[in-house]
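The structure appears below as structure tokens.
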Amino acid sequence: NKGKYEHYMQKEIHEQPESLTTTMRGRLMRGGSCKAKTVLLGGLKDHLKTIRRSRRIVFIGCGTSYNAALAARPILEELSGVPVTMEIASDLVDRQGPIYREDTAVFVSQSGETADTLLALAYALENGALCVGITNTVGSAIARRTHCGVHINAGCEIGVASTKAYTSQIVVMAMLALAIGDDTMSSQLRREAIVDGLFDLPNKVREALKLDQEMEDLAKLLIAEQSLLVFGRGYNYATALEGALKVKEVALMHSEGILAGEMKHGPLALVDENLPIIVIATHDACFSKQQSVIQQLHARKGRLIVICSKGDAALVCPSGSCRVIEVPQVEDCLQPVVNIIPLQLLAYHLTVLRGYNVDQPRNLAKSVTTE
Ligand code: UD1
Ligand code: F6R
């Protein structure tokens, strides 16, 4: 049931304040006596000690689920102190890459039925790793075959393009980082700030959704483009990849997410006065580096669209010549959840304006059950 919406993708984008609330329900604690601000992930509580002691945490997934894990990687590294590596499921299987008994392998999948991810799971089980699932589908193959895990509880996702599952996956993995880091005194203030940030996140997402009209206007400008680049770094490298994935899979426009730190190692050659470039430059530890990326793109007459924190327009675009999209600022590690909203809206509107099928892009299936 699409309710007042025309498409499932549109509905699922707009229901994110509610889906995020459901994801966190019963799992975030604030108040009480000793453990004032903390998280409780019922499915993991008996396994946290093993995870903390593991030699490495390996995230494994495909497509959007992989991107969500990439978004959560920095906070997991920071709070767990355990090295965190990333694997695209098919590539791990192709390489028969090393997975050890001392590893924690975390399988991220909305459907819980993706063939590539299931093959990687079988491989990791054979190799004796602790296998943790993060899925939206109770009773799915990933939920059943992993040793333990967390359901993201985002509600059924029908649009082929994953939207609300992405933001709920990031939130669950941020909560995973909080749970693993729970025994570390030195990060307590940081963890409490993140818990506060999580409580307020649905409101901030609601605020970001007000960019709908602005993103439709931007889509009108980009409707006939051949290509769109998205630059991000740090916490928002994943946002660049995921924004580009949405644009290519539903709007059928070539789009590439680029790690801004790699700009000078190739992508800069593409920059001219025609190619539209979105730069994500919200306020975090990488902000001044992104400012200089913007300057360099500007010097090459790049057609810039900058996503920045509220009030930063003059800082990111002193010349006033780029299009600026302001989003509410949240705790740095949660910013990807807010920043993807305008890009989801852009992909949606571009698709509708270009006359393509939003909910069933050509050649794609919701659940990819073949290799
Ligand atoms: C569980 C109940 C929830 C109830 C809550 C009350 C289920 C599905 N969830 O939620 O209805 O309100 O207790 O305390 O009954 N698991 C995996 N792999 C995965 C995902 C999950 O093995 O990929 C396992 C978990 O380790 C856990 C179980 O499935 O044993 C349920 O996980 P989850 O729904 O996340 O647990 P709770 O949030 O505690
Ligand atoms: C993108 C998309 C795909 C899926 C990928 C993994 O919008 O839907 O990239 O994210 O096929 O699917 P799950 O998460 O079900 O394993």
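Ligands are numbered from 1 in the order shown, chains are lettered A, B, ... in the order of the structure tokens, and residues start at 1 in each chain.
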
Considering only C-alpha atoms and all ligand atoms, give me a table of residues in chain A that are at most 7 Å from ligand 2, with the closest atom pair and distance in Å for each, as a Markdown table.
```
| residue | atom | partner | partner_atom_place_in_ligand_line | distance |
| --- | --- | --- | --- | --- |
| A:Gly61 | CA | ligand 2 | 16 (O) | 6.4 |
| A:Cys62 | CA | ligand 2 | 6 (C) | 4.6 |
| A:Gly63 | CA | ligand 2 | 9 (O) | 3.3 |
| A:Thr64 | CA | ligand 2 | 10 (O) | 3.6 |
| A:Ser65 | CA | ligand 2 | 14 (O) | 4.7 |
| A:Val108 | CA | ligand 2 | 14 (O) | 6.5 |
| A:Ser109 | CA | ligand 2 | 14 (O) | 3.5 |
| A:Gln110 | CA | ligand 2 | 14 (O) | 3.6 |
| A:Ser111 | CA | ligand 2 | 15 (O) | 3.6 |
| A:Gly112 | CA | ligand 2 | 15 (O) | 5.7 |
| A:Glu113 | CA | ligand 2 | 15 (O) | 6.3 |
| A:Thr114 | CA | ligand 2 | 16 (O) | 4.6 |
| A:Thr117 | CA | ligand 2 | 16 (O) | 6.6 |
| A:Val160 | CA | ligand 2 | 8 (O) | 5.5 |
| A:Ala161 | CA | ligand 2 | 7 (O) | 3.4 |
| A:Ser162 | CA | ligand 2 | 7 (O) | 3.9 |
| A:Thr163 | CA | ligand 2 | 7 (O) | 6.8 |
| A:Leu245 | CA | ligand 2 | 1 (C) | 6.7 |
| A:Lys246 | CA | ligand 2 | 7 (O) | 6.0 |
| A:Lys366 | CA | ligand 2 | 8 (O) | 6.2 |
| A:Ser367 | CA | ligand 2 | 15 (O) | 5.5 |
| A:Val368 | CA | ligand 2 | 11 (O) | 5.7 |
```

Could you take the residues named above and write them with N, CA and C atoms, as a PDB file, in the first residue's frame?
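Listed below is the output, part.pdb:
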```
ATOM      1  N   GLY A  61      29.110  -7.834   2.130  1.00  0.00           N
ATOM      2  CA  GLY A  61      27.788  -7.537   1.576  1.00  0.00           C
ATOM      3  C   GLY A  61      27.904  -7.181   0.110  1.00  0.00           C
ATOM      4  N   CYS A  62      26.773  -6.810  -0.491  1.00  0.00           N
ATOM      5  CA  CYS A  62      26.739  -6.398  -1.894  1.00  0.00           C
ATOM      6  C   CYS A  62      25.976  -5.078  -2.003  1.00  0.00           C
ATOM      7  N   GLY A  63      26.290  -4.307  -3.014  1.00  0.00           N
ATOM      8  CA  GLY A  63      25.507  -3.115  -3.363  1.00  0.00           C
ATOM      9  C   GLY A  63      25.319  -2.173  -2.191  1.00  0.00           C
ATOM     10  N   THR A  64      24.075  -1.788  -1.981  1.00  0.00           N
ATOM     11  CA  THR A  64      23.750  -0.821  -0.939  1.00  0.00           C
ATOM     12  C   THR A  64      24.142  -1.322   0.458  1.00  0.00           C
ATOM     13  N   SER A  65      23.992  -2.621   0.686  1.00  0.00           N
ATOM     14  CA  SER A  65      24.335  -3.159   2.007  1.00  0.00           C
ATOM     15  C   SER A  65      25.837  -3.022   2.272  1.00  0.00           C
ATOM     16  N   VAL A 108      25.882  -8.297   5.880  1.00  0.00           N
ATOM     17  CA  VAL A 108      24.847  -7.267   5.826  1.00  0.00           C
ATOM     18  C   VAL A 108      23.989  -7.507   4.594  1.00  0.00           C
ATOM     19  N   SER A 109      22.690  -7.643   4.794  1.00  0.00           N
ATOM     20  CA  SER A 109      21.792  -7.902   3.662  1.00  0.00           C
ATOM     21  C   SER A 109      20.364  -7.524   4.018  1.00  0.00           C
ATOM     22  N   GLN A 110      19.769  -6.679   3.222  1.00  0.00           N
ATOM     23  CA  GLN A 110      18.367  -6.308   3.439  1.00  0.00           C
ATOM     24  C   GLN A 110      17.481  -7.544   3.321  1.00  0.00           C
ATOM     25  N   SER A 111      17.569  -8.236   2.190  1.00  0.00           N
ATOM     26  CA  SER A 111      16.674  -9.376   1.927  1.00  0.00           C
ATOM     27  C   SER A 111      17.042 -10.601   2.753  1.00  0.00           C
ATOM     28  N   GLY A 112      18.333 -10.727   3.041  1.00  0.00           N
ATOM     29  CA  GLY A 112      18.798 -11.932   3.727  1.00  0.00           C
ATOM     30  C   GLY A 112      18.882 -13.132   2.807  1.00  0.00           C
ATOM     31  N   GLU A 113      18.683 -12.917   1.508  1.00  0.00           N
ATOM     32  CA  GLU A 113      18.635 -14.032   0.554  1.00  0.00           C
ATOM     33  C   GLU A 113      19.597 -13.858  -0.606  1.00  0.00           C
ATOM     34  N   THR A 114      20.446 -12.854  -0.601  1.00  0.00           N
ATOM     35  CA  THR A 114      21.332 -12.587  -1.736  1.00  0.00           C
ATOM     36  C   THR A 114      22.333 -13.731  -1.923  1.00  0.00           C
ATOM     37  N   THR A 117      26.080 -13.178  -1.111  1.00  0.00           N
ATOM     38  CA  THR A 117      26.328 -13.037   0.328  1.00  0.00           C
ATOM     39  C   THR A 117      26.209 -14.391   1.027  1.00  0.00           C
ATOM     40  N   VAL A 160      12.703  -1.573  -5.569  1.00  0.00           N
ATOM     41  CA  VAL A 160      13.938  -2.326  -5.810  1.00  0.00           C
ATOM     42  C   VAL A 160      15.157  -1.563  -5.280  1.00  0.00           C
ATOM     43  N   ALA A 161      15.146  -0.246  -5.438  1.00  0.00           N
ATOM     44  CA  ALA A 161      16.247   0.546  -4.904  1.00  0.00           C
ATOM     45  C   ALA A 161      16.132   0.612  -3.382  1.00  0.00           C
ATOM     46  N   SER A 162      17.174   0.207  -2.708  1.00  0.00           N
ATOM     47  CA  SER A 162      17.152   0.182  -1.250  1.00  0.00           C
ATOM     48  C   SER A 162      17.360   1.591  -0.691  1.00  0.00           C
ATOM     49  N   THR A 163      16.456   2.042   0.142  1.00  0.00           N
ATOM     50  CA  THR A 163      16.562   3.396   0.715  1.00  0.00           C
ATOM     51  C   THR A 163      16.478   3.348   2.236  1.00  0.00           C
ATOM     52  N   LEU A 245      25.156   5.089  -6.816  1.00  0.00           N
ATOM     53  CA  LEU A 245      24.463   3.819  -7.108  1.00  0.00           C
ATOM     54  C   LEU A 245      22.966   4.065  -7.325  1.00  0.00           C
ATOM     55  N   LYS A 246      22.368   4.887  -6.463  1.00  0.00           N
ATOM     56  CA  LYS A 246      20.939   5.185  -6.625  1.00  0.00           C
ATOM     57  C   LYS A 246      20.682   5.829  -7.981  1.00  0.00           C
ATOM     58  N   LYS A 366      14.636  -7.313  -6.852  1.00  0.00           N
ATOM     59  CA  LYS A 366      14.769  -6.893  -5.448  1.00  0.00           C
ATOM     60  C   LYS A 366      15.715  -7.809  -4.696  1.00  0.00           C
ATOM     61  N   SER A 367      15.586  -9.089  -4.956  1.00  0.00           N
ATOM     62  CA  SER A 367      16.398 -10.035  -4.227  1.00  0.00           C
ATOM     63  C   SER A 367      17.186 -10.843  -5.253  1.00  0.00           C
ATOM     64  N   VAL A 368      18.511 -10.725  -5.223  1.00  0.00           N
ATOM     65  CA  VAL A 368      19.346 -11.319  -6.272  1.00  0.00           C
ATOM     66  C   VAL A 368      19.770 -12.723  -5.842  1.00  0.00           C
TER      67      VAL A 368
END
```

Step by step, measure atom-to-atom distances between ligand 1 and each residue using only C-alpha atoms and all ligand atoms, keep those at most 7 Å, then write them as number ranges by chain.
A: 41-44, 132-135, 138, 142-152

Run DSSP on the backbone and tell me which residues of range 37-132 of chain A come out as strand (DSSP E or B); list them as a PyMOL selection string.
chain A and resi 37-39+56-61+84-88+103-109+130-132

Residues just named, written with C-alpha atoms as an mmCIF file, in the first residue's frame:
```cif
data_model
loop_
_atom_site.group_PDB
_atom_site.id
_atom_site.type_symbol
_atom_site.label_atom_id
_atom_site.label_comp_id
_atom_site.auth_asym_id
_atom_site.auth_seq_id
_atom_site.Cartn_x
_atom_site.Cartn_y
_atom_site.Cartn_z
ATOM 1 C CA LYS A 37 23.321 5.976 28.093
ATOM 2 C CA THR A 38 23.821 2.709 26.341
ATOM 3 C CA VAL A 39 22.517 0.237 23.781
ATOM 4 C CA ARG A 56 39.488 -8.597 12.963
ATOM 5 C CA ILE A 57 35.953 -7.650 12.021
ATOM 6 C CA VAL A 58 35.157 -8.244 8.335
ATOM 7 C CA PHE A 59 32.080 -6.644 6.790
ATOM 8 C CA ILE A 60 30.644 -8.596 3.864
ATOM 9 C CA GLY A 61 27.788 -7.537 1.576
ATOM 10 C CA VAL A 84 37.769 -3.567 10.394
ATOM 11 C CA THR A 85 38.050 -4.701 6.768
ATOM 12 C CA MET A 86 35.526 -4.672 3.929
ATOM 13 C CA GLU A 87 34.643 -7.397 1.446
ATOM 14 C CA ILE A 88 32.270 -7.380 -1.499
ATOM 15 C CA ASP A 103 37.628 -13.305 12.738
ATOM 16 C CA THR A 104 34.173 -11.899 13.252
ATOM 17 C CA ALA A 105 32.452 -11.839 9.849
ATOM 18 C CA VAL A 106 29.449 -9.510 9.662
ATOM 19 C CA PHE A 107 26.995 -10.217 6.821
ATOM 20 C CA VAL A 108 24.847 -7.267 5.826
ATOM 21 C CA SER A 109 21.792 -7.902 3.662
ATOM 22 C CA LEU A 130 32.018 -16.102 14.156
ATOM 23 C CA CYS A 131 29.284 -15.131 11.675
ATOM 24 C CA VAL A 132 26.986 -12.241 12.534
#
```

Polymer residues at most 12 Å from Gly320 in chain A, only C-alpha atoms, same-chain spacing of 5 or more positions, as number ranges by chain
A: 295, 298, 304-306, 312-315

Residue contacts of Asn127 in chain A (12 Å, only C-alpha atoms) excluding same-chain residues fewer than 4 positions away, as a list in words
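My list of contacting residues is Gln96, Gly97, Pro98, Ile99, Tyr100, Arg101, Glu102, Asp103, Thr104, Ala105, Ala120, Leu121, Ala122, Tyr123 and Cys131 of chain A.
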
So that I can check the surroundings of Gly181 in chain A, please list as a PDB file with C-alpha atoms, in the first residue's frame every protein, DNA and RNA residue that reaches within 8 Å of it, counting only C-alpha atoms and ignoring chain neighbours fewer than 4 positions away.
```pdb
ATOM      1  CA  LEU A  79      34.979   2.376  19.248  1.00  0.00           C
ATOM      2  CA  SER A  80      36.008  -1.271  18.994  1.00  0.00           C
ATOM      3  CA  ALA A 177      29.984  -0.113  17.522  1.00  0.00           C
ATOM      4  CA  SER A 187      35.264   6.637  24.956  1.00  0.00           C
TER       5      SER A 187
END
```

Show which residues sit within 8 Å of Leu176 in chain A, as a CSV table (one decimal) with C-alpha atoms, in the first residue's frame. Count only C-alpha atoms, and ignore same-chain residues fewer than 4 positions away.
```
chain,number,residue,atom,x,y,z
A,41,LEU,CA,21.2,-5.5,21.0
A,76,LEU,CA,33.4,0.7,14.4
A,172,VAL,CA,22.3,-0.7,13.6
A,180,ILE,CA,31.3,-3.4,21.4
```

Find the residues near Ala260 in chain A: any atom within 8 Å, counting only C-alpha atoms, skip ones fewer than 6 places away on the same chain, and give them as a PyMOL selection string.
chain A and resi 231-233+237+290+293

Could you write out the selected residues, including N, CA and C atoms, as a short mmCIF file (atom, residue, chain, number, x, y, z; two decimals), in the first residue's frame?
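Below is the file result.cif, written as the result:
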```cif
data_model
loop_
_atom_site.label_atom_id
_atom_site.label_comp_id
_atom_site.auth_asym_id
_atom_site.auth_seq_id
_atom_site.Cartn_x
_atom_site.Cartn_y
_atom_site.Cartn_z
N PHE A 231 31.54 13.30 -5.12
CA PHE A 231 32.78 13.25 -4.35
C PHE A 231 32.49 13.23 -2.84
N GLY A 232 33.09 12.29 -2.15
CA GLY A 232 32.97 12.28 -0.69
C GLY A 232 34.24 11.71 -0.09
N ARG A 233 34.37 11.84 1.23
CA ARG A 233 35.53 11.24 1.90
C ARG A 233 35.16 10.97 3.36
N TYR A 237 32.44 8.93 2.34
CA TYR A 237 32.86 8.22 1.13
C TYR A 237 31.72 7.30 0.71
N GLN A 290 37.96 19.06 2.28
CA GLN A 290 36.90 19.15 1.26
C GLN A 290 36.80 20.57 0.72
N VAL A 293 39.32 20.75 -1.90
CA VAL A 293 38.86 20.01 -3.09
C VAL A 293 37.91 20.89 -3.90
#
```

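Picture a line from CA of Leu70 in chain A to CA of Val327 in chain A; it runs 21.0 Å.
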
Out of A:Pro336, A:Leu268, A:Ile341, A:Arg25, which residue has the shortest atom-to-atom distance to Pro74 in chain A when counting only C-alpha atoms?
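Under the stated criterion, the closest residue is A:Pro336.
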
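Distance annotation: of A:Gly31, A:Pro276, A:Gly257, A:Gly159, the residue with the minimal separation from Met9 in chain A is A:Gly159; atom set is only C-alpha atoms.
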
Nearest to Leu218 in chain A by atom-to-atom distance, counting only C-alpha atoms, from A:Cys317, A:Leu178, A:Leu343, A:Cys308:
A:Leu343
